[in-house]
>>> print(open('protein.pdb').read())   # PDB, C-alpha atoms
MODEL        1
ATOM      1  CA  MET A  21     -25.759 -31.560 102.015  1.00  0.00           C
ATOM      2  CA  GLN A  22     -23.054 -31.312  99.400  1.00  0.00           C
ATOM      3  CA  ASP A  23     -23.526 -29.146  96.327  1.00  0.00           C
ATOM      4  CA  ASP A  24     -23.763 -31.096  93.003  1.00  0.00           C
ATOM      5  CA  ARG A  25     -20.911 -29.015  91.550  1.00  0.00           C
ATOM      6  CA  SER A  26     -18.440 -30.135  94.208  1.00  0.00           C
ATOM      7  CA  LYS A  27     -19.486 -33.768  93.647  1.00  0.00           C
ATOM      8  CA  LYS A  28     -18.774 -33.406  89.908  1.00  0.00           C
ATOM      9  CA  SER A  29     -15.258 -32.078  90.590  1.00  0.00           C
ATOM     10  CA  GLU A  30     -14.499 -35.219  92.628  1.00  0.00           C
ATOM     11  CA  GLN A  31     -15.707 -37.476  89.811  1.00  0.00           C
ATOM     12  CA  GLU A  32     -13.937 -38.302  86.601  1.00  0.00           C
ATOM     13  CA  ILE A  33     -14.902 -35.781  83.922  1.00  0.00           C
ATOM     14  CA  ASP A  34     -16.544 -37.042  80.742  1.00  0.00           C
ATOM     15  CA  PHE A  35     -15.023 -35.060  77.872  1.00  0.00           C
ATOM     16  CA  GLY A  36     -17.505 -36.474  75.394  1.00  0.00           C
ATOM     17  CA  VAL A  37     -16.686 -35.745  71.784  1.00  0.00           C
ATOM     18  CA  LEU A  38     -13.549 -33.791  72.751  1.00  0.00           C
ATOM     19  CA  GLY A  39     -11.708 -37.055  73.339  1.00  0.00           C
ATOM     20  CA  GLU A  40     -12.283 -37.964  69.698  1.00  0.00           C
ATOM     21  CA  PHE A  41     -10.965 -34.710  68.222  1.00  0.00           C
ATOM     22  CA  LEU A  42      -7.325 -34.646  67.151  1.00  0.00           C
ATOM     23  CA  GLY A  43      -7.150 -30.882  67.514  1.00  0.00           C
ATOM     24  CA  TYR A  44      -8.299 -31.008  71.116  1.00  0.00           C
ATOM     25  CA  ARG A  45      -5.867 -33.789  71.998  1.00  0.00           C
ATOM     26  CA  LEU A  46      -3.002 -31.986  70.218  1.00  0.00           C
ATOM     27  CA  ARG A  47      -3.786 -28.775  72.099  1.00  0.00           C
ATOM     28  CA  ARG A  48      -3.803 -30.577  75.446  1.00  0.00           C
ATOM     29  CA  ALA A  49      -0.457 -32.213  74.647  1.00  0.00           C
ATOM     30  CA  GLN A  50       0.956 -28.858  73.512  1.00  0.00           C
ATOM     31  CA  MET A  51      -0.174 -27.195  76.747  1.00  0.00           C
ATOM     32  CA  ASN A  52       1.534 -29.950  78.739  1.00  0.00           C
ATOM     33  CA  PHE A  53       4.790 -29.616  76.793  1.00  0.00           C
ATOM     34  CA  PHE A  54       4.752 -25.810  76.927  1.00  0.00           C
ATOM     35  CA  ALA A  55       4.139 -25.843  80.692  1.00  0.00           C
ATOM     36  CA  LYS A  56       7.172 -28.097  81.160  1.00  0.00           C
ATOM     37  CA  PHE A  57       9.194 -25.871  78.798  1.00  0.00           C
ATOM     38  CA  GLY A  58       8.324 -22.926  81.053  1.00  0.00           C
ATOM     39  CA  GLU A  59       9.592 -24.797  84.094  1.00  0.00           C
ATOM     40  CA  VAL A  60      12.941 -25.831  82.619  1.00  0.00           C
ATOM     41  CA  CYS A  61      13.665 -22.520  80.867  1.00  0.00           C
ATOM     42  CA  GLU A  62      12.129 -20.088  83.360  1.00  0.00           C
ATOM     43  CA  ASP A  63      15.468 -18.694  84.506  1.00  0.00           C
ATOM     44  CA  LEU A  64      16.535 -18.191  80.875  1.00  0.00           C
ATOM     45  CA  GLY A  65      13.618 -15.857  80.219  1.00  0.00           C
ATOM     46  CA  ILE A  66      12.707 -17.553  76.944  1.00  0.00           C
ATOM     47  CA  SER A  67       9.411 -18.811  75.566  1.00  0.00           C
ATOM     48  CA  PRO A  68       8.838 -21.690  73.154  1.00  0.00           C
ATOM     49  CA  GLY A  69       8.309 -19.110  70.402  1.00  0.00           C
ATOM     50  CA  LEU A  70      11.655 -17.397  71.031  1.00  0.00           C
ATOM     51  CA  PHE A  71      13.341 -20.784  71.244  1.00  0.00           C
ATOM     52  CA  ALA A  72      11.891 -21.637  67.818  1.00  0.00           C
ATOM     53  CA  VAL A  73      13.298 -18.424  66.314  1.00  0.00           C
ATOM     54  CA  LEU A  74      16.737 -19.277  67.700  1.00  0.00           C
ATOM     55  CA  ALA A  75      16.466 -22.836  66.365  1.00  0.00           C
ATOM     56  CA  ILE A  76      15.695 -21.615  62.832  1.00  0.00           C
ATOM     57  CA  VAL A  77      18.426 -18.957  62.844  1.00  0.00           C
ATOM     58  CA  ASP A  78      20.951 -21.386  64.326  1.00  0.00           C
ATOM     59  CA  ARG A  79      20.499 -23.776  61.385  1.00  0.00           C
ATOM     60  CA  ASN A  80      19.884 -21.069  58.751  1.00  0.00           C
ATOM     61  CA  PRO A  81      22.121 -18.063  59.441  1.00  0.00           C
ATOM     62  CA  GLY A  82      21.370 -15.092  57.226  1.00  0.00           C
ATOM     63  CA  LEU A  83      17.655 -15.729  56.729  1.00  0.00           C
ATOM     64  CA  THR A  84      15.559 -12.593  56.723  1.00  0.00           C
ATOM     65  CA  GLN A  85      13.064 -11.911  59.485  1.00  0.00           C
ATOM     66  CA  THR A  86      10.292 -12.485  56.948  1.00  0.00           C
ATOM     67  CA  ALA A  87      11.676 -15.899  55.971  1.00  0.00           C
ATOM     68  CA  VAL A  88      11.937 -16.947  59.623  1.00  0.00           C
ATOM     69  CA  ALA A  89       8.367 -15.755  60.251  1.00  0.00           C
ATOM     70  CA  GLN A  90       7.112 -17.750  57.257  1.00  0.00           C
ATOM     71  CA  ALA A  91       9.002 -20.870  58.335  1.00  0.00           C
ATOM     72  CA  LEU A  92       7.396 -20.699  61.781  1.00  0.00           C
ATOM     73  CA  GLY A  93       3.953 -19.631  60.588  1.00  0.00           C
ATOM     74  CA  ASN A  94       4.161 -16.294  62.412  1.00  0.00           C
ATOM     75  CA  ASP A  95       3.119 -12.910  61.150  1.00  0.00           C
ATOM     76  CA  ARG A  96       5.829 -10.353  60.435  1.00  0.00           C
ATOM     77  CA  SER A  97       4.804  -7.948  63.204  1.00  0.00           C
ATOM     78  CA  ALA A  98       5.151 -10.692  65.828  1.00  0.00           C
ATOM     79  CA  MET A  99       8.562 -11.562  64.384  1.00  0.00           C
ATOM     80  CA  VAL A 100       9.819  -7.991  64.810  1.00  0.00           C
ATOM     81  CA  ALA A 101       8.916  -8.083  68.513  1.00  0.00           C
ATOM     82  CA  ALA A 102      10.531 -11.509  68.960  1.00  0.00           C
ATOM     83  CA  VAL A 103      13.737 -10.452  67.223  1.00  0.00           C
ATOM     84  CA  ASP A 104      13.818  -7.252  69.298  1.00  0.00           C
ATOM     85  CA  LYS A 105      13.684  -9.356  72.487  1.00  0.00           C
ATOM     86  CA  LEU A 106      16.424 -11.701  71.282  1.00  0.00           C
ATOM     87  CA  GLU A 107      18.581  -8.831  70.092  1.00  0.00           C
ATOM     88  CA  ASN A 108      18.167  -7.035  73.445  1.00  0.00           C
ATOM     89  CA  LYS A 109      19.389 -10.226  75.147  1.00  0.00           C
ATOM     90  CA  ASN A 110      22.407 -10.175  72.773  1.00  0.00           C
ATOM     91  CA  LEU A 111      21.430 -13.574  71.344  1.00  0.00           C
ATOM     92  CA  LEU A 112      20.750 -12.492  67.757  1.00  0.00           C
ATOM     93  CA  GLU A 113      21.946  -9.699  65.564  1.00  0.00           C
ATOM     94  CA  ARG A 114      20.370  -8.063  62.542  1.00  0.00           C
ATOM     95  CA  ARG A 115      22.494  -7.232  59.542  1.00  0.00           C
ATOM     96  CA  PRO A 116      21.399  -5.707  56.248  1.00  0.00           C
ATOM     97  CA  ALA A 117      20.356  -8.506  53.886  1.00  0.00           C
ATOM     98  CA  VAL A 118      22.717  -9.048  50.966  1.00  0.00           C
ATOM     99  CA  ASN A 119      19.947  -9.244  48.350  1.00  0.00           C
ATOM    100  CA  ASP A 120      17.670  -6.543  49.767  1.00  0.00           C
ATOM    101  CA  ARG A 121      18.979  -3.691  51.884  1.00  0.00           C
ATOM    102  CA  ARG A 122      15.444  -2.940  53.075  1.00  0.00           C
ATOM    103  CA  SER A 123      15.415  -6.318  54.875  1.00  0.00           C
ATOM    104  CA  TYR A 124      17.479  -7.628  57.728  1.00  0.00           C
ATOM    105  CA  ALA A 125      19.253 -10.965  57.888  1.00  0.00           C
ATOM    106  CA  LEU A 126      19.483 -12.700  61.255  1.00  0.00           C
ATOM    107  CA  PHE A 127      22.592 -14.230  62.790  1.00  0.00           C
ATOM    108  CA  MET A 128      23.387 -15.783  66.156  1.00  0.00           C
ATOM    109  CA  THR A 129      25.873 -13.976  68.379  1.00  0.00           C
ATOM    110  CA  GLU A 130      28.569 -15.893  70.260  1.00  0.00           C
ATOM    111  CA  GLU A 131      26.512 -15.458  73.409  1.00  0.00           C
ATOM    112  CA  GLY A 132      23.464 -16.639  71.449  1.00  0.00           C
ATOM    113  CA  ASN A 133      25.263 -19.829  70.429  1.00  0.00           C
ATOM    114  CA  ARG A 134      26.169 -20.624  74.055  1.00  0.00           C
ATOM    115  CA  PHE A 135      22.684 -19.699  75.292  1.00  0.00           C
ATOM    116  CA  PHE A 136      20.981 -21.817  72.651  1.00  0.00           C
ATOM    117  CA  ALA A 137      23.197 -24.858  73.327  1.00  0.00           C
ATOM    118  CA  ASN A 138      22.238 -24.649  77.015  1.00  0.00           C
ATOM    119  CA  ALA A 139      18.538 -24.266  76.167  1.00  0.00           C
ATOM    120  CA  VAL A 140      18.651 -27.223  73.742  1.00  0.00           C
ATOM    121  CA  GLU A 141      20.221 -29.412  76.421  1.00  0.00           C
ATOM    122  CA  ARG A 142      17.496 -28.528  78.913  1.00  0.00           C
ATOM    123  CA  VAL A 143      14.671 -28.939  76.422  1.00  0.00           C
ATOM    124  CA  SER A 144      16.096 -32.243  75.167  1.00  0.00           C
ATOM    125  CA  CYS A 145      16.182 -33.620  78.723  1.00  0.00           C
ATOM    126  CA  TYR A 146      12.544 -32.833  79.402  1.00  0.00           C
ATOM    127  CA  GLU A 147      11.454 -33.940  75.910  1.00  0.00           C
ATOM    128  CA  ASN A 148      13.160 -37.299  76.487  1.00  0.00           C
ATOM    129  CA  GLU A 149      11.470 -37.578  79.866  1.00  0.00           C
ATOM    130  CA  MET A 150       8.061 -36.774  78.348  1.00  0.00           C
ATOM    131  CA  ALA A 151       8.656 -39.276  75.515  1.00  0.00           C
ATOM    132  CA  LYS A 152       9.018 -42.111  78.022  1.00  0.00           C
ATOM    133  CA  CYS A 153       5.231 -42.469  77.944  1.00  0.00           C
ATOM    134  CA  LEU A 154       5.594 -43.694  74.345  1.00  0.00           C
ATOM    135  CA  LYS A 155       6.252 -47.397  73.773  1.00  0.00           C
ATOM    136  CA  ASP A 156       9.618 -47.012  72.058  1.00  0.00           C
ATOM    137  CA  ASP A 157      11.657 -44.924  69.593  1.00  0.00           C
ATOM    138  CA  SER A 158       9.688 -46.239  66.631  1.00  0.00           C
ATOM    139  CA  GLU A 159       6.465 -44.916  68.161  1.00  0.00           C
ATOM    140  CA  LYS A 160       8.152 -41.543  68.692  1.00  0.00           C
ATOM    141  CA  GLU A 161       9.273 -41.498  65.044  1.00  0.00           C
ATOM    142  CA  TRP A 162       5.757 -42.442  63.927  1.00  0.00           C
ATOM    143  CA  LEU A 163       4.279 -39.627  66.031  1.00  0.00           C
ATOM    144  CA  LEU A 164       6.749 -37.067  64.670  1.00  0.00           C
ATOM    145  CA  ASP A 165       5.933 -38.158  61.120  1.00  0.00           C
ATOM    146  CA  ALA A 166       2.176 -37.993  61.742  1.00  0.00           C
ATOM    147  CA  LEU A 167       2.469 -34.540  63.303  1.00  0.00           C
ATOM    148  CA  GLU A 168       4.525 -33.326  60.351  1.00  0.00           C
ATOM    149  CA  ARG A 169       1.845 -34.548  57.938  1.00  0.00           C
ATOM    150  CA  LEU A 170      -0.896 -32.871  59.960  1.00  0.00           C
ATOM    151  CA  ALA A 171       1.091 -29.621  60.184  1.00  0.00           C
ATOM    152  CA  ASN A 172       1.533 -29.519  56.413  1.00  0.00           C
ATOM    153  CA  LYS A 173      -1.997 -30.586  55.459  1.00  0.00           C
ATOM    154  CA  SER A 174      -3.769 -27.912  53.489  1.00  0.00           C
ATOM    155  CA  LEU A 175      -7.521 -27.800  53.194  1.00  0.00           C
TER     156      LEU A 175
ENDMDL
END
>>> encode(input="protein.pdb", output="structure tokens")
Amino acid sequence: MQDDRSKKSEQEIDFGVLGEFLGYRLRRAQMNFFAKFGEVCEDLGISPGLFAVLAIVDRNPGLTQTAVAQALGNDRSAMVAAVDKLENKNLLERRPAVNDRRSYALFMTEEGNRFFANAVERVSCYENEMAKCLKDDSEKEWLLDALERLANKSL
């Protein structure tokens, strides 16, 4: 006689109220995207968080570590560790900030620029592949807009 637990694993799972919660659905989608990111960037040794730091510094050279942390919603201590990793890979460099010598400004290295361009190409390919489940480009634009509004909603 089969155990009830093994029968349940063969059946479709009822997620109940979870299916109605935006946060749960967003988290599941994020986990899916991050898993794919890990696959396509595994040999680069970079996480989505490190990629985000590079993306901000690429478009905003000279920002302080604190400004990058604030832009990404990270705490400063986590940013120091992230910048250390990227600096050790020779992708970023710290320079004394012009306005405040106690702070460091972040800049891409030449190697960082090449590395980031390669990473963007890989991530763009898988993002485009994942986006094929959307109806069309207008649905993608709508989703990006909705996510932006949710990300910036304050309670």
>>> residues_around(input="protein.pdb", residues="range 34-42 of chain A", least_positions_apart="6", cutoff="12 Å", atoms="all atoms listed in the file", output="list of chain:residue names")
A:Lys28, A:Arg48, A:Ala49, A:Gln50, A:Ala166, A:Leu167, A:Leu170
>>> atom_distance(input="protein.pdb", atom1="CA of Asn148 in chain A", atom2="CA of Leu112 in chain A")
27.4 Å
>>> atom_distance(input="protein.pdb", atom1="CA of Lys56 in chain A", atom2="CA of Tyr146 in chain A")
7.4 Å
>>> residues_around(input="protein.pdb", residues="range 76-88 of chain A", least_positions_apart="5", cutoff="9 Å", atoms="all atoms listed in the file", output="ChimeraX atom specification")
/A:71,93-96,99-100,103,112,114-115,117-118,123-128,132-133,136
>>> write_last_selection(input="protein.pdb", atoms="C-alpha atoms", output="PDB file, in the coordinates of the input")
ATOM      1  CA  PHE A  71      13.341 -20.784  71.244  1.00  0.00           C
ATOM      2  CA  GLY A  93       3.953 -19.631  60.588  1.00  0.00           C
ATOM      3  CA  ASN A  94       4.161 -16.294  62.412  1.00  0.00           C
ATOM      4  CA  ASP A  95       3.119 -12.910  61.150  1.00  0.00           C
ATOM      5  CA  ARG A  96       5.829 -10.353  60.435  1.00  0.00           C
ATOM      6  CA  MET A  99       8.562 -11.562  64.384  1.00  0.00           C
ATOM      7  CA  VAL A 100       9.819  -7.991  64.810  1.00  0.00           C
ATOM      8  CA  VAL A 103      13.737 -10.452  67.223  1.00  0.00           C
ATOM      9  CA  LEU A 112      20.750 -12.492  67.757  1.00  0.00           C
ATOM     10  CA  ARG A 114      20.370  -8.063  62.542  1.00  0.00           C
ATOM     11  CA  ARG A 115      22.494  -7.232  59.542  1.00  0.00           C
ATOM     12  CA  ALA A 117      20.356  -8.506  53.886  1.00  0.00           C
ATOM     13  CA  VAL A 118      22.717  -9.048  50.966  1.00  0.00           C
ATOM     14  CA  SER A 123      15.415  -6.318  54.875  1.00  0.00           C
ATOM     15  CA  TYR A 124      17.479  -7.628  57.728  1.00  0.00           C
ATOM     16  CA  ALA A 125      19.253 -10.965  57.888  1.00  0.00           C
ATOM     17  CA  LEU A 126      19.483 -12.700  61.255  1.00  0.00           C
ATOM     18  CA  PHE A 127      22.592 -14.230  62.790  1.00  0.00           C
ATOM     19  CA  MET A 128      23.387 -15.783  66.156  1.00  0.00           C
ATOM     20  CA  GLY A 132      23.464 -16.639  71.449  1.00  0.00           C
ATOM     21  CA  ASN A 133      25.263 -19.829  70.429  1.00  0.00           C
ATOM     22  CA  PHE A 136      20.981 -21.817  72.651  1.00  0.00           C
TER      23      PHE A 136
END
>>> resolve_selection(input="protein.pdb", expression="the PyMOL selection byres ((chain A and resi 57) around 12)", output="PyMOL selection string")
chain A and resi 50-56+58-71+139-147+149-150
>>> atom_distance(input="protein.pdb", atom1="CA of Arg45 in chain A", atom2="CA of Glu30 in chain A")
22.4 Å
>>> closest_residue(input="protein.pdb", among="A:Leu111, A:Cys153, A:Pro116, A:Gln31", to="Glu130 in chain A", atoms="only C-alpha atoms")
A:Leu111
>>> build_atoms(input="protein.pdb", residues="range 133-145 of chain A", atoms="N, CA and C atoms", output="CSV table (one decimal), in the coordinates of the input")
chain,number,residue,atom,x,y,z
A,133,ASN,N,24.9,-18.4,70.7
A,133,ASN,CA,25.3,-19.8,70.4
A,133,ASN,C,25.4,-20.6,71.8
A,134,ARG,N,26.0,-20.0,72.7
A,134,ARG,CA,26.2,-20.6,74.1
A,134,ARG,C,24.8,-20.8,74.7
A,135,PHE,N,24.0,-19.7,74.7
A,135,PHE,CA,22.7,-19.7,75.3
A,135,PHE,C,21.8,-20.8,74.7
A,136,PHE,N,21.8,-20.9,73.3
A,136,PHE,CA,21.0,-21.8,72.7
A,136,PHE,C,21.4,-23.3,73.0
A,137,ALA,N,22.7,-23.5,73.0
A,137,ALA,CA,23.2,-24.9,73.3
A,137,ALA,C,22.7,-25.3,74.7
A,138,ASN,N,22.7,-24.4,75.7
A,138,ASN,CA,22.2,-24.6,77.0
A,138,ASN,C,20.7,-24.9,77.0
A,139,ALA,N,20.0,-24.1,76.3
A,139,ALA,CA,18.5,-24.3,76.2
A,139,ALA,C,18.2,-25.6,75.5
A,140,VAL,N,18.9,-26.0,74.4
A,140,VAL,CA,18.7,-27.2,73.7
A,140,VAL,C,18.9,-28.4,74.7
A,141,GLU,N,19.9,-28.3,75.5
A,141,GLU,CA,20.2,-29.4,76.4
A,141,GLU,C,19.1,-29.6,77.4
A,142,ARG,N,18.6,-28.5,78.0
A,142,ARG,CA,17.5,-28.5,78.9
A,142,ARG,C,16.2,-29.1,78.3
A,143,VAL,N,15.9,-28.5,77.1
A,143,VAL,CA,14.7,-28.9,76.4
A,143,VAL,C,14.8,-30.4,76.0
A,144,SER,N,15.9,-30.8,75.6
A,144,SER,CA,16.1,-32.2,75.2
A,144,SER,C,15.9,-33.2,76.4
A,145,CYS,N,16.4,-32.8,77.5
A,145,CYS,CA,16.2,-33.6,78.7
A,145,CYS,C,14.7,-33.8,79.1
